[in-house]
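Source file: data_36.cif (mmCIF, C-alpha atoms, pLDDT in the B column; chains and numbers go by the auth columns)
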data_structure
loop_
_atom_site.group_PDB
_atom_site.id
_atom_site.type_symbol
_atom_site.label_atom_id
_atom_site.label_comp_id
_atom_site.label_asym_id
_atom_site.label_seq_id
_atom_site.Cartn_x
_atom_site.Cartn_y
_atom_site.Cartn_z
_atom_site.B_iso_or_equiv
_atom_site.auth_seq_id
_atom_site.auth_asym_id
ATOM 1 C CA MET A 1 -40.400 30.114 -15.956 52.00 871 A
ATOM 2 C CA GLY A 2 -43.937 31.359 -15.374 57.00 872 A
ATOM 3 C CA GLU A 3 -42.704 34.473 -13.626 64.00 873 A
ATOM 4 C CA LYS A 4 -41.192 35.720 -16.897 63.00 874 A
ATOM 5 C CA LEU A 5 -44.705 36.117 -18.288 62.00 875 A
ATOM 6 C CA HIS A 6 -45.083 39.076 -15.934 61.00 876 A
ATOM 7 C CA ILE A 7 -42.036 40.948 -17.298 61.00 877 A
ATOM 8 C CA ILE A 8 -43.194 43.884 -19.416 62.00 878 A
ATOM 9 C CA PRO A 9 -40.361 46.018 -20.855 65.00 879 A
ATOM 10 C CA HIS A 10 -40.604 49.730 -20.059 66.00 880 A
ATOM 11 C CA GLN A 11 -41.506 51.980 -22.981 71.00 881 A
ATOM 12 C CA HIS A 12 -39.198 54.998 -22.982 71.00 882 A
ATOM 13 C CA SER A 13 -40.671 58.469 -23.367 76.00 883 A
ATOM 14 C CA VAL A 14 -37.409 59.647 -24.985 82.00 884 A
ATOM 15 C CA SER A 15 -37.023 57.953 -28.357 82.00 885 A
ATOM 16 C CA LYS A 16 -33.933 56.680 -30.125 82.00 886 A
ATOM 17 C CA LYS A 17 -34.327 59.487 -32.650 87.00 887 A
ATOM 18 C CA ASP A 18 -34.563 62.069 -29.826 88.00 888 A
ATOM 19 C CA ARG A 19 -31.251 60.868 -28.404 86.00 889 A
ATOM 20 C CA GLU A 20 -29.561 60.818 -31.816 87.00 890 A
ATOM 21 C CA GLN A 21 -30.652 64.351 -32.591 88.00 891 A
ATOM 22 C CA GLN A 22 -29.436 65.634 -29.235 89.00 892 A
ATOM 23 C CA ASN A 23 -26.074 63.866 -29.523 91.00 893 A
ATOM 24 C CA GLY A 24 -25.518 64.417 -33.230 90.00 894 A
ATOM 25 C CA HIS A 25 -24.719 60.738 -33.711 94.00 895 A
ATOM 26 C CA LYS A 26 -26.214 57.275 -33.455 93.00 896 A
ATOM 27 C CA GLY A 27 -25.708 54.958 -30.519 95.00 897 A
ATOM 28 C CA HIS A 28 -23.375 52.158 -31.549 97.00 898 A
ATOM 29 C CA VAL A 29 -21.345 49.249 -30.157 97.00 899 A
ATOM 30 C CA LEU A 30 -17.722 49.062 -31.280 98.00 900 A
ATOM 31 C CA TRP A 31 -16.605 45.558 -30.325 97.00 901 A
ATOM 32 C CA PHE A 32 -12.810 45.228 -30.122 97.00 902 A
ATOM 33 C CA THR A 33 -11.787 41.564 -30.249 97.00 903 A
ATOM 34 C CA GLY A 34 -8.353 39.962 -30.349 96.00 904 A
ATOM 35 C CA LEU A 35 -5.819 38.087 -28.286 96.00 905 A
ATOM 36 C CA SER A 36 -4.553 39.298 -24.920 94.00 906 A
ATOM 37 C CA GLY A 37 -1.824 41.838 -25.611 94.00 907 A
ATOM 38 C CA SER A 38 -3.066 42.640 -29.107 95.00 908 A
ATOM 39 C CA GLY A 39 -3.854 46.245 -28.181 94.00 909 A
ATOM 40 C CA LYS A 40 -7.646 46.156 -27.802 95.00 910 A
ATOM 41 C CA SER A 41 -7.887 48.329 -24.703 94.00 911 A
ATOM 42 C CA THR A 42 -5.084 50.631 -25.819 95.00 912 A
ATOM 43 C CA VAL A 43 -6.764 51.357 -29.153 97.00 913 A
ATOM 44 C CA ALA A 44 -10.250 51.586 -27.618 97.00 914 A
ATOM 45 C CA SER A 45 -9.052 54.124 -25.046 97.00 915 A
ATOM 46 C CA ALA A 46 -7.240 56.207 -27.665 98.00 916 A
ATOM 47 C CA VAL A 47 -10.293 56.151 -29.929 98.00 917 A
ATOM 48 C CA GLU A 48 -12.541 57.198 -27.046 97.00 918 A
ATOM 49 C CA ARG A 49 -10.271 60.137 -26.234 97.00 919 A
ATOM 50 C CA GLU A 50 -10.360 61.347 -29.861 97.00 920 A
ATOM 51 C CA LEU A 51 -14.110 60.899 -30.162 97.00 921 A
ATOM 52 C CA HIS A 52 -14.704 62.656 -26.837 96.00 922 A
ATOM 53 C CA GLN A 53 -12.648 65.619 -28.006 96.00 923 A
ATOM 54 C CA LYS A 54 -14.807 65.749 -31.135 95.00 924 A
ATOM 55 C CA GLY A 55 -17.997 65.904 -29.054 95.00 925 A
ATOM 56 C CA PHE A 56 -19.160 62.282 -29.281 96.00 926 A
ATOM 57 C CA LYS A 57 -20.794 60.618 -26.264 96.00 927 A
ATOM 58 C CA THR A 58 -18.694 57.552 -25.425 97.00 928 A
ATOM 59 C CA PHE A 59 -17.807 54.950 -22.823 96.00 929 A
ATOM 60 C CA VAL A 60 -15.202 52.146 -22.729 96.00 930 A
ATOM 61 C CA LEU A 61 -16.065 48.720 -21.331 93.00 931 A
ATOM 62 C CA ASP A 62 -12.908 46.711 -20.638 87.00 932 A
ATOM 63 C CA GLY A 63 -12.542 43.018 -19.803 78.00 933 A
ATOM 64 C CA ASP A 64 -10.558 43.373 -16.577 79.00 934 A
ATOM 65 C CA ASN A 65 -12.792 46.170 -15.278 85.00 935 A
ATOM 66 C CA ILE A 66 -15.945 44.138 -15.887 87.00 936 A
ATOM 67 C CA ARG A 67 -14.470 41.004 -14.297 86.00 937 A
ATOM 68 C CA ALA A 68 -13.451 43.044 -11.248 87.00 938 A
ATOM 69 C CA GLY A 69 -17.074 44.017 -10.627 86.00 939 A
ATOM 70 C CA LEU A 70 -20.154 42.894 -12.562 83.00 940 A
ATOM 71 C CA ASN A 71 -18.658 39.529 -13.553 88.00 941 A
ATOM 72 C CA SER A 72 -16.437 38.883 -10.546 91.00 942 A
ATOM 73 C CA ASP A 73 -18.380 35.666 -9.878 91.00 943 A
ATOM 74 C CA LEU A 74 -17.252 34.079 -13.165 89.00 944 A
ATOM 75 C CA ASP A 75 -14.179 31.956 -13.844 85.00 945 A
ATOM 76 C CA PHE A 76 -12.600 31.210 -17.230 82.00 946 A
ATOM 77 C CA SER A 77 -14.374 27.954 -18.058 83.00 947 A
ATOM 78 C CA ASP A 78 -16.176 27.781 -21.403 82.00 948 A
ATOM 79 C CA LYS A 79 -19.539 28.218 -19.652 89.00 949 A
ATOM 80 C CA SER A 80 -18.352 31.261 -17.700 88.00 950 A
ATOM 81 C CA ARG A 81 -16.741 32.816 -20.765 85.00 951 A
ATOM 82 C CA GLU A 82 -20.069 32.533 -22.562 89.00 952 A
ATOM 83 C CA GLU A 83 -21.925 34.071 -19.611 92.00 953 A
ATOM 84 C CA ASN A 84 -19.321 36.841 -19.384 90.00 954 A
ATOM 85 C CA ILE A 85 -19.996 37.886 -22.968 91.00 955 A
ATOM 86 C CA ARG A 86 -23.778 37.432 -22.603 93.00 956 A
ATOM 87 C CA ARG A 87 -23.885 39.931 -19.745 94.00 957 A
ATOM 88 C CA ILE A 88 -21.556 42.363 -21.495 93.00 958 A
ATOM 89 C CA ALA A 89 -23.659 42.123 -24.652 95.00 959 A
ATOM 90 C CA HIS A 90 -26.736 43.311 -22.785 94.00 960 A
ATOM 91 C CA VAL A 91 -24.871 46.058 -20.907 95.00 961 A
ATOM 92 C CA SER A 92 -23.379 47.277 -24.210 95.00 962 A
ATOM 93 C CA ALA A 93 -26.804 47.242 -25.845 95.00 963 A
ATOM 94 C CA LEU A 94 -28.389 49.217 -22.990 94.00 964 A
ATOM 95 C CA MET A 95 -25.640 51.838 -23.147 95.00 965 A
ATOM 96 C CA LYS A 96 -26.011 51.993 -26.916 96.00 966 A
ATOM 97 C CA ASP A 97 -29.760 52.510 -26.499 93.00 967 A
ATOM 98 C CA ALA A 98 -28.936 55.406 -24.156 92.00 968 A
ATOM 99 C CA GLY A 99 -27.242 57.025 -27.161 94.00 969 A
ATOM 100 C CA LEU A 100 -23.620 56.260 -26.374 96.00 970 A
ATOM 101 C CA ILE A 101 -20.879 54.946 -28.611 97.00 971 A
ATOM 102 C CA VAL A 102 -19.791 51.957 -26.535 97.00 972 A
ATOM 103 C CA LEU A 103 -16.215 50.774 -27.018 97.00 973 A
ATOM 104 C CA SER A 104 -16.192 47.215 -25.697 96.00 974 A
ATOM 105 C CA ALA A 105 -12.742 45.603 -25.520 94.00 975 A
ATOM 106 C CA PHE A 106 -12.895 41.856 -24.860 93.00 976 A
ATOM 107 C CA VAL A 107 -10.951 38.822 -26.058 92.00 977 A
ATOM 108 C CA SER A 108 -14.313 37.174 -26.869 92.00 978 A
ATOM 109 C CA PRO A 109 -12.680 34.171 -28.577 92.00 979 A
ATOM 110 C CA TYR A 110 -15.805 32.476 -29.938 93.00 980 A
ATOM 111 C CA ALA A 111 -17.601 33.593 -33.093 95.00 981 A
ATOM 112 C CA LYS A 112 -21.010 32.506 -31.779 94.00 982 A
ATOM 113 C CA ASP A 113 -20.637 34.803 -28.756 94.00 983 A
ATOM 114 C CA ARG A 114 -19.663 37.781 -30.929 95.00 984 A
ATOM 115 C CA ASP A 115 -22.637 37.020 -33.176 95.00 985 A
ATOM 116 C CA PHE A 116 -24.838 37.113 -30.081 95.00 986 A
ATOM 117 C CA VAL A 117 -23.510 40.581 -29.197 95.00 987 A
ATOM 118 C CA ARG A 118 -24.292 41.777 -32.722 95.00 988 A
ATOM 119 C CA SER A 119 -27.839 40.460 -32.428 95.00 989 A
ATOM 120 C CA ALA A 120 -28.337 41.938 -28.938 95.00 990 A
ATOM 121 C CA SER A 121 -27.212 45.308 -30.325 94.00 991 A
ATOM 122 C CA ASP A 122 -29.887 45.200 -33.052 92.00 992 A
ATOM 123 C CA ASN A 123 -27.001 45.354 -35.536 86.00 993 A
ATOM 124 C CA ASP A 124 -25.939 48.818 -34.281 94.00 994 A
ATOM 125 C CA PHE A 125 -22.620 47.009 -33.996 97.00 995 A
ATOM 126 C CA SER A 126 -19.184 46.927 -35.575 97.00 996 A
ATOM 127 C CA GLU A 127 -16.687 44.136 -35.011 98.00 997 A
ATOM 128 C CA ILE A 128 -13.144 45.510 -34.855 98.00 998 A
ATOM 129 C CA PHE A 129 -10.533 42.779 -35.059 98.00 999 A
ATOM 130 C CA ILE A 130 -7.218 43.786 -33.500 98.00 1000 A
ATOM 131 C CA SER A 131 -5.398 41.189 -35.574 97.00 1001 A
ATOM 132 C CA THR A 132 -1.989 41.158 -33.893 96.00 1002 A
ATOM 133 C CA PRO A 133 -0.643 37.575 -34.218 96.00 1003 A
ATOM 134 C CA LEU A 134 0.001 35.332 -31.235 96.00 1004 A
ATOM 135 C CA GLU A 135 3.787 35.499 -31.448 95.00 1005 A
ATOM 136 C CA VAL A 136 3.749 39.304 -31.244 96.00 1006 A
ATOM 137 C CA CYS A 137 1.230 39.327 -28.376 94.00 1007 A
ATOM 138 C CA GLU A 138 3.360 36.802 -26.525 94.00 1008 A
ATOM 139 C CA GLN A 139 6.506 38.871 -27.084 94.00 1009 A
ATOM 140 C CA ARG A 140 4.714 41.892 -25.630 93.00 1010 A
ATOM 141 C CA ASP A 141 3.193 39.916 -22.723 89.00 1011 A
ATOM 142 C CA VAL A 142 2.385 43.218 -21.043 83.00 1012 A
ATOM 143 C CA LYS A 143 0.650 41.542 -18.079 89.00 1013 A
ATOM 144 C CA GLY A 144 2.894 38.490 -17.851 92.00 1014 A
ATOM 145 C CA LEU A 145 -0.071 36.243 -18.600 93.00 1015 A
ATOM 146 C CA TYR A 146 1.463 34.238 -21.440 92.00 1016 A
ATOM 147 C CA ALA A 147 4.453 33.291 -19.273 92.00 1017 A
ATOM 148 C CA LYS A 148 2.081 32.124 -16.529 93.00 1018 A
ATOM 149 C CA ALA A 149 -0.049 30.207 -19.050 92.00 1019 A
ATOM 150 C CA ARG A 150 3.035 28.496 -20.529 92.00 1020 A
ATOM 151 C CA ALA A 151 4.106 27.563 -17.000 92.00 1021 A
ATOM 152 C CA GLY A 152 0.708 26.001 -16.330 91.00 1022 A
ATOM 153 C CA LYS A 153 -0.269 28.622 -13.758 93.00 1023 A
ATOM 154 C CA ILE A 154 -3.272 29.803 -15.823 91.00 1024 A
ATOM 155 C CA SER A 155 -5.633 27.301 -17.428 87.00 1025 A
ATOM 156 C CA ASN A 156 -7.909 27.924 -20.418 86.00 1026 A
ATOM 157 C CA PHE A 157 -5.787 30.827 -21.618 91.00 1027 A
ATOM 158 C CA THR A 158 -6.773 31.971 -25.101 92.00 1028 A
ATOM 159 C CA GLY A 159 -4.062 31.364 -27.674 91.00 1029 A
ATOM 160 C CA VAL A 160 -2.173 28.923 -25.454 93.00 1030 A
ATOM 161 C CA SER A 161 -4.552 26.358 -23.951 90.00 1031 A
ATOM 162 C CA ALA A 162 -7.851 27.651 -25.366 90.00 1032 A
ATOM 163 C CA PRO A 163 -8.774 28.531 -28.960 92.00 1033 A
ATOM 164 C CA PHE A 164 -9.384 31.905 -30.590 94.00 1034 A
ATOM 165 C CA GLU A 165 -11.764 31.934 -33.561 96.00 1035 A
ATOM 166 C CA GLU A 166 -10.719 34.814 -35.792 96.00 1036 A
ATOM 167 C CA PRO A 167 -13.540 36.965 -37.184 96.00 1037 A
ATOM 168 C CA ALA A 168 -14.387 35.983 -40.760 94.00 1038 A
ATOM 169 C CA ASN A 169 -15.735 39.352 -41.873 95.00 1039 A
ATOM 170 C CA PRO A 170 -15.023 42.098 -39.339 97.00 1040 A
ATOM 171 C CA GLU A 171 -16.067 45.640 -40.154 97.00 1041 A
ATOM 172 C CA LEU A 172 -12.462 46.659 -39.484 97.00 1042 A
ATOM 173 C CA ASP A 173 -9.186 44.728 -39.340 98.00 1043 A
ATOM 174 C CA VAL A 174 -6.600 46.666 -37.323 98.00 1044 A
ATOM 175 C CA PRO A 175 -3.112 45.043 -37.338 96.00 1045 A
ATOM 176 C CA THR A 176 -1.371 46.878 -34.505 95.00 1046 A
ATOM 177 C CA HIS A 177 1.865 45.016 -35.228 95.00 1047 A
ATOM 178 C CA LEU A 178 2.036 46.789 -38.616 97.00 1048 A
ATOM 179 C CA MET A 179 0.980 50.305 -37.622 97.00 1049 A
ATOM 180 C CA SER A 180 1.347 52.789 -34.803 96.00 1050 A
ATOM 181 C CA ILE A 181 -1.356 53.265 -32.182 96.00 1051 A
ATOM 182 C CA GLU A 182 -1.894 56.741 -33.675 97.00 1052 A
ATOM 183 C CA LYS A 183 -2.549 55.256 -37.121 98.00 1053 A
ATOM 184 C CA ALA A 184 -4.815 52.567 -35.693 97.00 1054 A
ATOM 185 C CA THR A 185 -6.745 55.236 -33.773 98.00 1055 A
ATOM 186 C CA GLU A 186 -7.132 57.367 -36.879 97.00 1056 A
ATOM 187 C CA MET A 187 -8.417 54.344 -38.801 97.00 1057 A
ATOM 188 C CA VAL A 188 -11.131 53.573 -36.244 98.00 1058 A
ATOM 189 C CA VAL A 189 -12.128 57.203 -35.661 97.00 1059 A
ATOM 190 C CA SER A 190 -12.558 57.760 -39.404 97.00 1060 A
ATOM 191 C CA TYR A 191 -14.772 54.673 -39.580 97.00 1061 A
ATOM 192 C CA VAL A 192 -16.906 55.856 -36.657 96.00 1062 A
ATOM 193 C CA ILE A 193 -17.410 59.341 -38.072 95.00 1063 A
ATOM 194 C CA LYS A 194 -18.456 57.863 -41.399 95.00 1064 A
ATOM 195 C CA HIS A 195 -20.925 55.379 -39.918 93.00 1065 A
ATOM 196 C CA VAL A 196 -22.491 56.982 -36.841 91.00 1066 A
ATOM 197 C CA LYS A 197 -22.318 60.764 -37.203 89.00 1067 A
ATOM 198 C CA LEU A 198 -25.590 62.330 -38.361 84.00 1068 A
ATOM 199 C CA ASP A 199 -25.472 64.400 -41.558 73.00 1069 A
#
Before anything else, please render the file you have as structure tokens.
Amino acid sequence: MGEKLHIIPHQHSVSKKDREQQNGHKGHVLWFTGLSGSGKSTVASAVERELHQKGFKTFVLDGDNIRAGLNSDLDFSDKSREENIRRIAHVSALMKDAGLIVLSAFVSPYAKDRDFVRSASDNDFSEIFISTPLEVCEQRDVKGLYAKARAGKISNFTGVSAPFEEPANPELDVPTHLMSIEKATEMVVSYVIKHVKLD
């Protein structure tokens, strides 16, 4: 533990305000949470495309992409799930500090972990709940994961053998089972423009 006393964070010569003025918007973390198959990555990608076309600086962080690289050493135990989100929280915060709008799409089933991401982001953070219910996600089963979980081939699968704690007060509730992807995208883009674009 003593070694940590020698860690002195670097002071950037380019300020947060400098980056905002150059980009025309604030850095921000958009955290898309919801069950597997709810549409998190689909909506996040569509929102990024729209924002990019409007001149915003963006990047999508997706659960499978992160687990294929940075977090490839983690399994799906409760401890590893927590560590998965802890690492992503800090990566999201660093990218946000670089001036980007970070669209992070992760199941992130536990409220305490999502609260940690909000804190790590210095509250430059919006929780976007893709609130598609379990039965609809399971009907979609776009990756065949629910069928495998029901057959016992995947353990600790959120919604089947592991819990999902729904956000109590998300900044946005996006029910993709009740609206088109285009409408969901418009909803999120309008929110972003209102909250992060500089006047």
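Our summary of the geometry notes that atom CA of A:Leu1004 is positioned 21.2 Å from atom CA of A:Lys982.
Among the candidates A:Ala1017, A:Leu1048, A:Val1059, A:Ala959, the one nearest to A:Arg919 when counting all atoms listed in the file is A:Val1059.
Closest approach to A:Gly925 from the set A:Gln892, A:Ser906, A:Gln881, A:Ser1001 is made by A:Gln892, with distances taken over only C-alpha atoms.
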Compile a residue-level contact table for stretch 996-1064 of chain A against stretch 937-951 of chain A at a cut-off of 10 Å, reporting for every qualifying residue the shortest atom pair and its distance in Å to one decimal, with all atoms listed in the file counted, rows ordered by chain and ascending number, as JSON lines.
{"residue": "A:Ile1024", "atom": "CA", "partner": "A:Phe946", "partner_atom": "CA", "distance": 9.5}
{"residue": "A:Ser1025", "atom": "CA", "partner": "A:Phe946", "partner_atom": "CA", "distance": 8.0}
{"residue": "A:Asn1026", "atom": "CA", "partner": "A:Phe946", "partner_atom": "CA", "distance": 6.6}
{"residue": "A:Phe1027", "atom": "CA", "partner": "A:Phe946", "partner_atom": "CA", "distance": 8.1}
{"residue": "A:Thr1028", "atom": "CA", "partner": "A:Phe946", "partner_atom": "CA", "distance": 9.8}
{"residue": "A:Ala1032", "atom": "CA", "partner": "A:Asp948", "partner_atom": "CA", "distance": 9.2}
Output C-alpha atoms of each residue in that selection to a file, as a short mmCIF file (atom, residue, chain, number, x, y, z; two decimals), in the coordinates of the input.
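Final output, saved to selection_14.cif:
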data_model
loop_
_atom_site.label_atom_id
_atom_site.label_comp_id
_atom_site.auth_asym_id
_atom_site.auth_seq_id
_atom_site.Cartn_x
_atom_site.Cartn_y
_atom_site.Cartn_z
CA ILE A 1024 -3.27 29.80 -15.82
CA SER A 1025 -5.63 27.30 -17.43
CA ASN A 1026 -7.91 27.92 -20.42
CA PHE A 1027 -5.79 30.83 -21.62
CA THR A 1028 -6.77 31.97 -25.10
CA ALA A 1032 -7.85 27.65 -25.37
#
Run through the PyMOL selection byres ((chain A and resi 1055) around 8) on the given coordinates and return the selected residues as a PyMOL selection string. chain A and resi 913-914+916-917+1051-1054+1056-1059
Include C-alpha atoms and write out the residues we just selected as a PDB file, in the frame of the given file.
ATOM      1  CA  VAL A 913      -6.764  51.357 -29.153  1.00 97.00           C
ATOM      2  CA  ALA A 914     -10.250  51.586 -27.618  1.00 97.00           C
ATOM      3  CA  ALA A 916      -7.240  56.207 -27.665  1.00 98.00           C
ATOM      4  CA  VAL A 917     -10.293  56.151 -29.929  1.00 98.00           C
ATOM      5  CA  ILE A1051      -1.356  53.265 -32.182  1.00 96.00           C
ATOM      6  CA  GLU A1052      -1.894  56.741 -33.675  1.00 97.00           C
ATOM      7  CA  LYS A1053      -2.549  55.256 -37.121  1.00 98.00           C
ATOM      8  CA  ALA A1054      -4.815  52.567 -35.693  1.00 97.00           C
ATOM      9  CA  GLU A1056      -7.132  57.367 -36.879  1.00 97.00           C
ATOM     10  CA  MET A1057      -8.417  54.344 -38.801  1.00 97.00           C
ATOM     11  CA  VAL A1058     -11.131  53.573 -36.244  1.00 98.00           C
ATOM     12  CA  VAL A1059     -12.128  57.203 -35.661  1.00 97.00           C
TER      13      VAL A1059
END
For the structure provided, state which residues fall under the PyMOL selection byres ((chain A and resi 889) around 12), and present them as a list in words.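 Going through the file, the PyMOL selection byres ((chain A and resi 889) around 12) ends up selecting His882, Ser883, Val884, Ser885, Lys886, Lys887, Asp888, Glu890, Gln891, Gln892, Asn893, Gly894, His895, Lys896, Gly897, Lys927, Met965, Lys966, Asp967, Ala968, Gly969, Leu970, Ile971 and Leu1068 of chain A.
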Using only C-alpha atoms, find all polymer residues with an atom at most 7 Å away from the point (-16.9, 39.7, -18.6); report them as a ChimeraX atom specification. /A:933,936-937,941,954-955,958
Those residues you just picked out, can you put them in a file as a compact mmCIF listing (two decimals), in the coordinates of the input with C-alpha atoms?
# COMPACT_ATOMS: atom_id res chain seq x y z
CA GLY A 933 -12.54 43.02 -19.80
CA ILE A 936 -15.94 44.14 -15.89
CA ARG A 937 -14.47 41.00 -14.30
CA ASN A 941 -18.66 39.53 -13.55
CA ASN A 954 -19.32 36.84 -19.38
CA ILE A 955 -20.00 37.89 -22.97
CA ILE A 958 -21.56 42.36 -21.50
Could you tell me which of A:Met1049, A:Leu1015, A:Val1044, A:Leu900 comes closest to A:Ala975 if we count only C-alpha atoms? A:Leu900
Pick from A:Val1006, A:Ala981, A:Val899, A:Ile1000 nearest to A:Ser911, counting all atoms listed in the file: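 For A:Ser911, the nearest of the given residues is A:Ile1000.
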Could you extract stretch 996-1035 of chain A of the given structure into a file holding C-alpha atoms, as a PDB file, in the first residue's frame?
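The file below, selection.pdb, is the result:
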ATOM      1  CA  SER A 996     -26.544  10.095 -17.642  1.00  0.00           C
ATOM      2  CA  GLU A 997     -28.104   6.716 -16.943  1.00  0.00           C
ATOM      3  CA  ILE A 998     -30.161   5.540 -19.918  1.00  0.00           C
ATOM      4  CA  PHE A 999     -32.360   2.582 -19.067  1.00  0.00           C
ATOM      5  CA  ILE A1000     -33.267   0.494 -22.109  1.00  0.00           C
ATOM      6  CA  SER A1001     -36.317  -0.872 -20.321  1.00  0.00           C
ATOM      7  CA  THR A1002     -37.320  -3.714 -22.638  1.00  0.00           C
ATOM      8  CA  PRO A1003     -38.877  -6.435 -20.420  1.00  0.00           C
ATOM      9  CA  LEU A1004     -37.355  -9.878 -19.999  1.00  0.00           C
ATOM     10  CA  GLU A1005     -39.990 -11.705 -22.030  1.00  0.00           C
ATOM     11  CA  VAL A1006     -39.359  -9.487 -25.064  1.00  0.00           C
ATOM     12  CA  CYS A1007     -35.567  -9.770 -24.735  1.00  0.00           C
ATOM     13  CA  GLU A1008     -35.898 -13.534 -24.486  1.00  0.00           C
ATOM     14  CA  GLN A1009     -38.140 -13.657 -27.560  1.00  0.00           C
ATOM     15  CA  ARG A1010     -35.518 -11.690 -29.486  1.00  0.00           C
ATOM     16  CA  ASP A1011     -32.593 -13.751 -28.121  1.00  0.00           C
ATOM     17  CA  VAL A1012     -30.420 -12.278 -30.856  1.00  0.00           C
ATOM     18  CA  LYS A1013     -27.276 -14.074 -29.635  1.00  0.00           C
ATOM     19  CA  GLY A1014     -28.950 -17.280 -28.486  1.00  0.00           C
ATOM     20  CA  LEU A1015     -27.820 -16.606 -24.927  1.00  0.00           C
ATOM     21  CA  TYR A1016     -31.179 -17.012 -23.197  1.00  0.00           C
ATOM     22  CA  ALA A1017     -31.655 -20.465 -24.741  1.00  0.00           C
ATOM     23  CA  LYS A1018     -28.193 -21.479 -23.512  1.00  0.00           C
ATOM     24  CA  ALA A1019     -28.889 -20.030 -20.051  1.00  0.00           C
ATOM     25  CA  ARG A1020     -32.224 -21.886 -19.817  1.00  0.00           C
ATOM     26  CA  ALA A1021     -30.422 -25.079 -20.831  1.00  0.00           C
ATOM     27  CA  GLY A1022     -27.872 -24.575 -18.060  1.00  0.00           C
ATOM     28  CA  LYS A1023     -25.005 -23.942 -20.474  1.00  0.00           C
ATOM     29  CA  ILE A1024     -24.417 -20.397 -19.141  1.00  0.00           C
ATOM     30  CA  SER A1025     -24.350 -19.710 -15.408  1.00  0.00           C
ATOM     31  CA  ASN A1026     -24.995 -16.364 -13.706  1.00  0.00           C
ATOM     32  CA  PHE A1027     -26.939 -15.054 -16.685  1.00  0.00           C
ATOM     33  CA  THR A1028     -28.737 -11.804 -15.897  1.00  0.00           C
ATOM     34  CA  GLY A1029     -32.507 -12.153 -15.967  1.00  0.00           C
ATOM     35  CA  VAL A1030     -32.396 -15.948 -15.783  1.00  0.00           C
ATOM     36  CA  SER A1031     -30.018 -17.090 -13.037  1.00  0.00           C
ATOM     37  CA  ALA A1032     -28.739 -13.695 -11.857  1.00  0.00           C
ATOM     38  CA  PRO A1033     -30.693 -10.576 -10.857  1.00  0.00           C
ATOM     39  CA  PHE A1034     -31.098  -7.248 -12.638  1.00  0.00           C
ATOM     40  CA  GLU A1035     -31.731  -4.218 -10.422  1.00  0.00           C
TER      41      GLU A1035
END
